[in-house]
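Right, one structure below, let's go through it.
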Amino acid sequence: MYNLLSFIFRYKASLLFVFLEVISVFFIVNNNDYHHAAFVNSSNQLVASVMNTTNSVGEYFTLAEVNQQLSRENAKLHELLQNGLLPTDSLLHKDSLALEALAEDSVSILAPVQSRRDSLRLKQYLFLPAKVVENTVKRAKNYVTIDKGWADGIAKDMGVICPDGIVGKVKDVSEHFAVVTSLLHTEMFISVLVERSNTLGSVQWNGRNSTIANLHDIPIHINIITGDTIVTSGYSGIYPPGTMVGTVAEVRPEEDAAFYDIDVDLSTEFQELSYVYVVKNRLRQEKDSLEVINFKPNE
Amino acid sequence: MNSRYILPQAINFIVYMLLQLVLVRNLVLFDVSFCYLYLGFLLLLPIEAGVVTCMLMGFSVGLFVDVFYNTFGIHAAACVFVMYTRHFWIKAITPRGGYDLGVMPIPQDLGMRWFVTYAFPLILVHHALIFFIEIGGFALFYYTLIKVVASTAFTLIMVIVIQYILQSSRRPVL
């Protein structure tokens, strides 16, 4: 016992060193898996208010850009309204073909069910506006902090978009703030479609330039050209399908590879992010629980 | 650590943290040069401070900064490592005749050459750890290396400048 104590005392510095490093590594490794870890990141009330205060000075300098962005969005929405082409309408139109076919056979039985379902579909996605409190673009793993939390109905894993395109996914929520994993995060994958050919791929940021991301998994037999529009697939239920991600900037066919190496010019200007929308998918839970049932491994 | 160090160190802590978290948090020069000024506080702890105290300080300061940077654990790991090596590094670069009692690791006490020899490798190691852990390996190795070197230079200059400002403002009082 004496030997043990004298050993610990003699090497207390090294032992403490190893101990603290192990704790730190544990924190690093678990950082992404913490649930309700709102106290250890910038969704923390105190931390976020400090950021809010210090960044409010800079806010005035971006007001002109914010105004322009809002008026652009207004114009776009006006146009859609005039032409009777609200995005939800066109979406509804797409996926109600099957419903129509179904309805022709069994109007009397299905009508009430269908109409209720339709109205839910029409409002499947709710958009909650939020202000960006803190945003970084130059680290390898960037996060956005917004000023809405669970008190406003924000929950983990909701999508976040802005008028120009997609922004990221909610990572942690506190009462009045939330941390969003930005698309500019090297471990963030987003399921996308090449709009022209409906090819499924995934977009991942490469860690360098905040305007460019990589598009993976597009097989070389697909015809893809510079300028092709990349939109979200909506398969994950996080982002509404068809949300703009960017346009193809460069296509590099790799030799002896089955997939292209593609650069995407991101449509979101992350440098100037100021107001965003958090996407609440009202059918998400239903979809997820259905998939869990179906994908359960056989025992 | 002697109790007479506590008040000046507490003031130092507040000043460096305010500067780090309010002023230079999002300051990035040329897209690659970050400033982790708070490291100055840890480097300027008294020479006679025990390695255990230093490591515990490093750990808590690191975690505190991590909360603001959304990098829970990275700064803590780097700071603990730096504080552990600092102990041996200070011994290794002892000037002829040893350290006088109560001497601080600052340019005014030990000379600019000693200070740069002392601070540069420690800042370099700290930044290398931070950037390579953040990106999670050696992907983008050269780009990250540029980040490390550029940020080290930036931090070192800022630490020296801030140290001079703090010291000169304090001198009449002491």
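So you can find residues: chains in the structure tokens are A, B, ... in the order shown, residues in each start at 1, and ligands are numbered from 1 in order.
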
TODO: Can you pull out every residue within 9 Å of Pro107 of chain B, counting only C-alpha atoms, but drop anything in the same chain fewer than 5 positions away, and send it as a ChimeraX atom specification?
DONE: /B:112-116,160,163-164

The selected residues should be written to file as an mmCIF file, in the first residue's frame (atoms: C-alpha atoms).
data_model
loop_
_atom_site.group_PDB
_atom_site.id
_atom_site.type_symbol
_atom_site.label_atom_id
_atom_site.label_comp_id
_atom_site.auth_asym_id
_atom_site.auth_seq_id
_atom_site.Cartn_x
_atom_site.Cartn_y
_atom_site.Cartn_z
ATOM 1 C CA MET B 112 12.961 38.361 -25.928
ATOM 2 C CA ARG B 113 15.207 35.613 -27.248
ATOM 3 C CA TRP B 114 14.458 33.376 -24.302
ATOM 4 C CA PHE B 115 10.748 34.147 -24.580
ATOM 5 C CA VAL B 116 10.503 33.235 -28.256
ATOM 6 C CA ILE B 160 3.885 39.384 -27.172
ATOM 7 C CA GLN B 163 1.785 41.057 -22.853
ATOM 8 C CA TYR B 164 3.644 44.340 -23.402
#

Write out as a PDB file with N, CA and C atoms, in the first residue's frame every residue belonging to chain A that has an atom at most 10 Å from any atom of chain B, counting only C-alpha atoms.
ATOM      1  N   LYS A  12       2.668  11.583 -10.008  1.00  0.00           N
ATOM      2  CA  LYS A  12       1.332  12.198 -10.021  1.00  0.00           C
ATOM      3  C   LYS A  12       1.124  13.070 -11.258  1.00  0.00           C
ATOM      4  N   ALA A  13       2.176  13.767 -11.693  1.00  0.00           N
ATOM      5  CA  ALA A  13       2.042  14.629 -12.859  1.00  0.00           C
ATOM      6  C   ALA A  13       1.724  13.811 -14.106  1.00  0.00           C
ATOM      7  N   SER A  14       2.499  12.755 -14.317  1.00  0.00           N
ATOM      8  CA  SER A  14       2.272  11.939 -15.519  1.00  0.00           C
ATOM      9  C   SER A  14       0.922  11.252 -15.471  1.00  0.00           C
ATOM     10  N   LEU A  15       0.560  10.769 -14.276  1.00  0.00           N
ATOM     11  CA  LEU A  15      -0.735  10.094 -14.155  1.00  0.00           C
ATOM     12  C   LEU A  15      -1.879  11.061 -14.414  1.00  0.00           C
ATOM     13  N   LEU A  16      -1.745  12.274 -13.857  1.00  0.00           N
ATOM     14  CA  LEU A  16      -2.794  13.274 -14.081  1.00  0.00           C
ATOM     15  C   LEU A  16      -2.859  13.643 -15.556  1.00  0.00           C
ATOM     16  N   PHE A  17      -1.676  13.739 -16.160  1.00  0.00           N
ATOM     17  CA  PHE A  17      -1.608  14.057 -17.586  1.00  0.00           C
ATOM     18  C   PHE A  17      -2.390  13.033 -18.404  1.00  0.00           C
ATOM     19  N   VAL A  18      -2.091  11.757 -18.172  1.00  0.00           N
ATOM     20  CA  VAL A  18      -2.779  10.694 -18.911  1.00  0.00           C
ATOM     21  C   VAL A  18      -4.277  10.755 -18.641  1.00  0.00           C
ATOM     22  N   LEU A  20      -6.207  13.338 -17.703  1.00  0.00           N
ATOM     23  CA  LEU A  20      -6.878  14.476 -18.335  1.00  0.00           C
ATOM     24  C   LEU A  20      -6.976  14.284 -19.851  1.00  0.00           C
ATOM     25  N   GLU A  21      -5.914  13.716 -20.441  1.00  0.00           N
ATOM     26  CA  GLU A  21      -5.951  13.492 -21.889  1.00  0.00           C
ATOM     27  C   GLU A  21      -7.016  12.468 -22.258  1.00  0.00           C
ATOM     28  N   VAL A  22      -7.129  11.428 -21.425  1.00  0.00           N
ATOM     29  CA  VAL A  22      -8.152  10.406 -21.702  1.00  0.00           C
ATOM     30  C   VAL A  22      -9.545  11.035 -21.628  1.00  0.00           C
ATOM     31  N   ILE A  23      -9.763  11.864 -20.624  1.00  0.00           N
ATOM     32  CA  ILE A  23     -11.061  12.537 -20.507  1.00  0.00           C
ATOM     33  C   ILE A  23     -11.323  13.392 -21.750  1.00  0.00           C
ATOM     34  N   SER A  24     -10.305  14.173 -22.163  1.00  0.00           N
ATOM     35  CA  SER A  24     -10.477  15.044 -23.330  1.00  0.00           C
ATOM     36  C   SER A  24     -10.825  14.240 -24.572  1.00  0.00           C
ATOM     37  N   VAL A  25     -10.076  13.147 -24.781  1.00  0.00           N
ATOM     38  CA  VAL A  25     -10.327  12.315 -25.961  1.00  0.00           C
ATOM     39  C   VAL A  25     -11.738  11.743 -25.899  1.00  0.00           C
ATOM     40  N   PHE A  26     -12.148  11.354 -24.708  1.00  0.00           N
ATOM     41  CA  PHE A  26     -13.506  10.844 -24.531  1.00  0.00           C
ATOM     42  C   PHE A  26     -14.531  11.914 -24.955  1.00  0.00           C
ATOM     43  N   PHE A  27     -14.277  13.156 -24.525  1.00  0.00           N
ATOM     44  CA  PHE A  27     -15.170  14.262 -24.902  1.00  0.00           C
ATOM     45  C   PHE A  27     -15.195  14.446 -26.409  1.00  0.00           C
ATOM     46  N   ILE A  28     -13.998  14.432 -27.019  1.00  0.00           N
ATOM     47  CA  ILE A  28     -13.914  14.672 -28.465  1.00  0.00           C
ATOM     48  C   ILE A  28     -14.688  13.605 -29.217  1.00  0.00           C
ATOM     49  N   VAL A  29     -14.436  12.344 -28.833  1.00  0.00           N
ATOM     50  CA  VAL A  29     -15.061  11.232 -29.550  1.00  0.00           C
ATOM     51  C   VAL A  29     -16.578  11.266 -29.398  1.00  0.00           C
ATOM     52  N   ASN A  30     -17.025  11.639 -28.204  1.00  0.00           N
ATOM     53  CA  ASN A  30     -18.468  11.598 -27.957  1.00  0.00           C
ATOM     54  C   ASN A  30     -19.201  12.872 -28.323  1.00  0.00           C
ATOM     55  N   ASN A  31     -18.464  13.856 -28.797  1.00  0.00           N
ATOM     56  CA  ASN A  31     -19.074  15.167 -29.009  1.00  0.00           C
ATOM     57  C   ASN A  31     -20.323  15.100 -29.872  1.00  0.00           C
ATOM     58  N   ASN A  32     -20.287  14.243 -30.902  1.00  0.00           N
ATOM     59  CA  ASN A  32     -21.422  14.198 -31.820  1.00  0.00           C
ATOM     60  C   ASN A  32     -22.581  13.366 -31.301  1.00  0.00           C
ATOM     61  N   ALA A  38     -26.653  20.391 -24.303  1.00  0.00           N
ATOM     62  CA  ALA A  38     -26.721  21.811 -24.634  1.00  0.00           C
ATOM     63  C   ALA A  38     -25.836  22.681 -23.752  1.00  0.00           C
ATOM     64  N   PHE A  39     -25.377  22.159 -22.621  1.00  0.00           N
ATOM     65  CA  PHE A  39     -24.583  23.013 -21.756  1.00  0.00           C
ATOM     66  C   PHE A  39     -23.119  23.077 -22.164  1.00  0.00           C
ATOM     67  N   VAL A  40     -22.685  22.190 -23.045  1.00  0.00           N
ATOM     68  CA  VAL A  40     -21.272  22.191 -23.409  1.00  0.00           C
ATOM     69  C   VAL A  40     -21.004  22.763 -24.800  1.00  0.00           C
ATOM     70  N   ASN A  41     -21.965  23.469 -25.376  1.00  0.00           N
ATOM     71  CA  ASN A  41     -21.657  24.116 -26.645  1.00  0.00           C
ATOM     72  C   ASN A  41     -22.390  25.446 -26.714  1.00  0.00           C
ATOM     73  N   SER A  42     -22.348  26.065 -27.877  1.00  0.00           N
ATOM     74  CA  SER A  42     -22.816  27.438 -27.946  1.00  0.00           C
ATOM     75  C   SER A  42     -24.332  27.570 -27.912  1.00  0.00           C
ATOM     76  N   SER A  43     -25.080  26.453 -27.758  1.00  0.00           N
ATOM     77  CA  SER A  43     -26.514  26.631 -27.528  1.00  0.00           C
ATOM     78  C   SER A  43     -26.754  26.952 -26.054  1.00  0.00           C
ATOM     79  N   ASN A  44     -25.709  26.855 -25.261  1.00  0.00           N
ATOM     80  CA  ASN A  44     -25.770  27.263 -23.857  1.00  0.00           C
ATOM     81  C   ASN A  44     -26.242  28.714 -23.765  1.00  0.00           C
ATOM     82  N   VAL A  47     -23.450  31.364 -23.062  1.00  0.00           N
ATOM     83  CA  VAL A  47     -22.515  31.464 -24.183  1.00  0.00           C
ATOM     84  C   VAL A  47     -23.181  32.145 -25.372  1.00  0.00           C
ATOM     85  N   ALA A  48     -24.408  31.699 -25.680  1.00  0.00           N
ATOM     86  CA  ALA A  48     -25.093  32.253 -26.836  1.00  0.00           C
ATOM     87  C   ALA A  48     -25.414  33.728 -26.636  1.00  0.00           C
ATOM     88  N   VAL A  50     -23.645  35.847 -24.896  1.00  0.00           N
ATOM     89  CA  VAL A  50     -22.387  36.574 -25.102  1.00  0.00           C
ATOM     90  C   VAL A  50     -22.142  36.762 -26.593  1.00  0.00           C
ATOM     91  N   MET A  51     -22.305  35.677 -27.362  1.00  0.00           N
ATOM     92  CA  MET A  51     -22.097  35.752 -28.812  1.00  0.00           C
ATOM     93  C   MET A  51     -23.063  36.734 -29.444  1.00  0.00           C
ATOM     94  N   THR A  53     -24.515  39.303 -28.142  1.00  0.00           N
ATOM     95  CA  THR A  53     -24.156  40.685 -27.840  1.00  0.00           C
ATOM     96  C   THR A  53     -22.955  41.134 -28.675  1.00  0.00           C
ATOM     97  N   THR A  54     -21.916  40.283 -28.701  1.00  0.00           N
ATOM     98  CA  THR A  54     -20.714  40.709 -29.414  1.00  0.00           C
ATOM     99  C   THR A  54     -20.950  40.792 -30.916  1.00  0.00           C
ATOM    100  N   ASN A  55     -21.848  39.938 -31.432  1.00  0.00           N
ATOM    101  CA  ASN A  55     -22.078  39.974 -32.874  1.00  0.00           C
ATOM    102  C   ASN A  55     -23.094  41.026 -33.284  1.00  0.00           C
ATOM    103  N   GLU A 134     -24.418  33.149 -34.359  1.00  0.00           N
ATOM    104  CA  GLU A 134     -22.989  32.922 -34.551  1.00  0.00           C
ATOM    105  C   GLU A 134     -22.827  31.986 -35.748  1.00  0.00           C
ATOM    106  N   ASN A 135     -21.836  32.270 -36.548  1.00  0.00           N
ATOM    107  CA  ASN A 135     -21.624  31.461 -37.733  1.00  0.00           C
ATOM    108  C   ASN A 135     -20.153  31.484 -38.092  1.00  0.00           C
ATOM    109  N   THR A 136     -19.566  30.315 -38.335  1.00  0.00           N
ATOM    110  CA  THR A 136     -18.178  30.281 -38.778  1.00  0.00           C
ATOM    111  C   THR A 136     -18.114  29.565 -40.118  1.00  0.00           C
ATOM    112  N   VAL A 137     -17.131  29.897 -40.942  1.00  0.00           N
ATOM    113  CA  VAL A 137     -16.991  29.220 -42.230  1.00  0.00           C
ATOM    114  C   VAL A 137     -15.572  28.739 -42.477  1.00  0.00           C
ATOM    115  N   LYS A 138     -14.654  29.103 -41.601  1.00  0.00           N
ATOM    116  CA  LYS A 138     -13.251  28.853 -41.936  1.00  0.00           C
ATOM    117  C   LYS A 138     -12.615  27.707 -41.173  1.00  0.00           C
ATOM    118  N   ARG A 139     -13.372  27.075 -40.273  1.00  0.00           N
ATOM    119  CA  ARG A 139     -12.802  25.932 -39.590  1.00  0.00           C
ATOM    120  C   ARG A 139     -13.096  24.674 -40.401  1.00  0.00           C
ATOM    121  N   ALA A 140     -12.561  23.557 -39.941  1.00  0.00           N
ATOM    122  CA  ALA A 140     -12.826  22.306 -40.652  1.00  0.00           C
ATOM    123  C   ALA A 140     -14.221  21.800 -40.314  1.00  0.00           C
ATOM    124  N   LYS A 141     -14.686  22.151 -39.111  1.00  0.00           N
ATOM    125  CA  LYS A 141     -16.027  21.744 -38.697  1.00  0.00           C
ATOM    126  C   LYS A 141     -16.763  22.995 -38.241  1.00  0.00           C
ATOM    127  N   ASN A 142     -17.648  23.458 -39.053  1.00  0.00           N
ATOM    128  CA  ASN A 142     -18.312  24.722 -38.752  1.00  0.00           C
ATOM    129  C   ASN A 142     -19.716  24.503 -38.210  1.00  0.00           C
ATOM    130  N   TYR A 143     -20.115  25.399 -37.335  1.00  0.00           N
ATOM    131  CA  TYR A 143     -21.455  25.335 -36.752  1.00  0.00           C
ATOM    132  C   TYR A 143     -22.114  26.700 -36.852  1.00  0.00           C
ATOM    133  N   VAL A 144     -23.438  26.679 -36.886  1.00  0.00           N
ATOM    134  CA  VAL A 144     -24.210  27.909 -36.874  1.00  0.00           C
ATOM    135  C   VAL A 144     -25.039  27.895 -35.597  1.00  0.00           C
ATOM    136  N   THR A 145     -25.045  28.987 -34.861  1.00  0.00           N
ATOM    137  CA  THR A 145     -25.911  29.067 -33.686  1.00  0.00           C
ATOM    138  C   THR A 145     -27.085  29.981 -34.021  1.00  0.00           C
ATOM    139  N   VAL A 179     -27.773  24.827 -31.791  1.00  0.00           N
ATOM    140  CA  VAL A 179     -26.555  24.739 -32.590  1.00  0.00           C
ATOM    141  C   VAL A 179     -26.860  23.899 -33.823  1.00  0.00           C
ATOM    142  N   THR A 181     -25.332  21.992 -37.180  1.00  0.00           N
ATOM    143  CA  THR A 181     -24.156  21.528 -37.906  1.00  0.00           C
ATOM    144  C   THR A 181     -24.259  22.079 -39.314  1.00  0.00           C
ATOM    145  N   HIS A 185     -19.138  21.230 -42.789  1.00  0.00           N
ATOM    146  CA  HIS A 185     -18.653  20.391 -41.702  1.00  0.00           C
ATOM    147  C   HIS A 185     -18.199  19.117 -42.385  1.00  0.00           C
ATOM    148  N   THR A 186     -16.950  18.734 -42.154  1.00  0.00           N
ATOM    149  CA  THR A 186     -16.392  17.649 -42.981  1.00  0.00           C
ATOM    150  C   THR A 186     -17.083  16.300 -42.788  1.00  0.00           C
ATOM    151  N   GLU A 187     -17.906  16.166 -41.745  1.00  0.00           N
ATOM    152  CA  GLU A 187     -18.576  14.877 -41.550  1.00  0.00           C
ATOM    153  C   GLU A 187     -20.057  14.929 -41.889  1.00  0.00           C
ATOM    154  N   ASN A 206     -15.418  19.754 -48.561  1.00  0.00           N
ATOM    155  CA  ASN A 206     -14.048  19.233 -48.545  1.00  0.00           C
ATOM    156  C   ASN A 206     -13.151  19.896 -47.504  1.00  0.00           C
ATOM    157  N   GLY A 207     -13.675  20.872 -46.760  1.00  0.00           N
ATOM    158  CA  GLY A 207     -12.881  21.440 -45.679  1.00  0.00           C
ATOM    159  C   GLY A 207     -12.055  22.658 -46.036  1.00  0.00           C
ATOM    160  N   ARG A 208     -12.166  23.150 -47.255  1.00  0.00           N
ATOM    161  CA  ARG A 208     -11.325  24.288 -47.619  1.00  0.00           C
ATOM    162  C   ARG A 208     -12.120  25.543 -47.940  1.00  0.00           C
ATOM    163  N   ASN A 209     -12.742  25.530 -49.121  1.00  0.00           N
ATOM    164  CA  ASN A 209     -13.393  26.727 -49.624  1.00  0.00           C
ATOM    165  C   ASN A 209     -14.871  26.730 -49.242  1.00  0.00           C
TER     166      ASN A 209
END

Open item on the list: Please compute the atom CA of Tyr239 of chain A-atom CA of Cys162 of chain A distance, one decimal, in Å.
Closed with: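 We find that atom CA of Tyr239 of chain A and atom CA of Cys162 of chain A lie 11.3 Å from each other.
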
Open item on the list: When DSSP is applied to the backbone of this structure, which of chain B are assigned helix (DSSP H, G or I)? Write them out as a PyMOL selection string.
Closed with: chain B and resi 3-23+39-43+51-69+74-92+107-110+112-135+141-170

Open item on the list: For a quick check of understanding, using only C-alpha atoms, which of A:Val245, A:Ile8, A:Met1, A:Ile220 has the smallest distance to Ile161 of chain A?
Closed with: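 Residue with the minimum atom-to-atom distance to Ile161 of chain A: A:Val245.
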
TODO: Extract, using only C-alpha atoms, all DNA, RNA and protein residues at most 10 Å from Thr155 of chain B, discarding same-chain residues fewer than 4 positions from it, and format them as a list in words.
DONE: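 After dropping sequence-adjacent residues, the list is Ser33, Phe34, Cys35, Tyr36, Leu37, Tyr38, Leu39, Gly40, Phe120, Ile123, Leu124, His127, Val149, Ala150, Ser151, Val159, Ile160 and Val161 of chain B.
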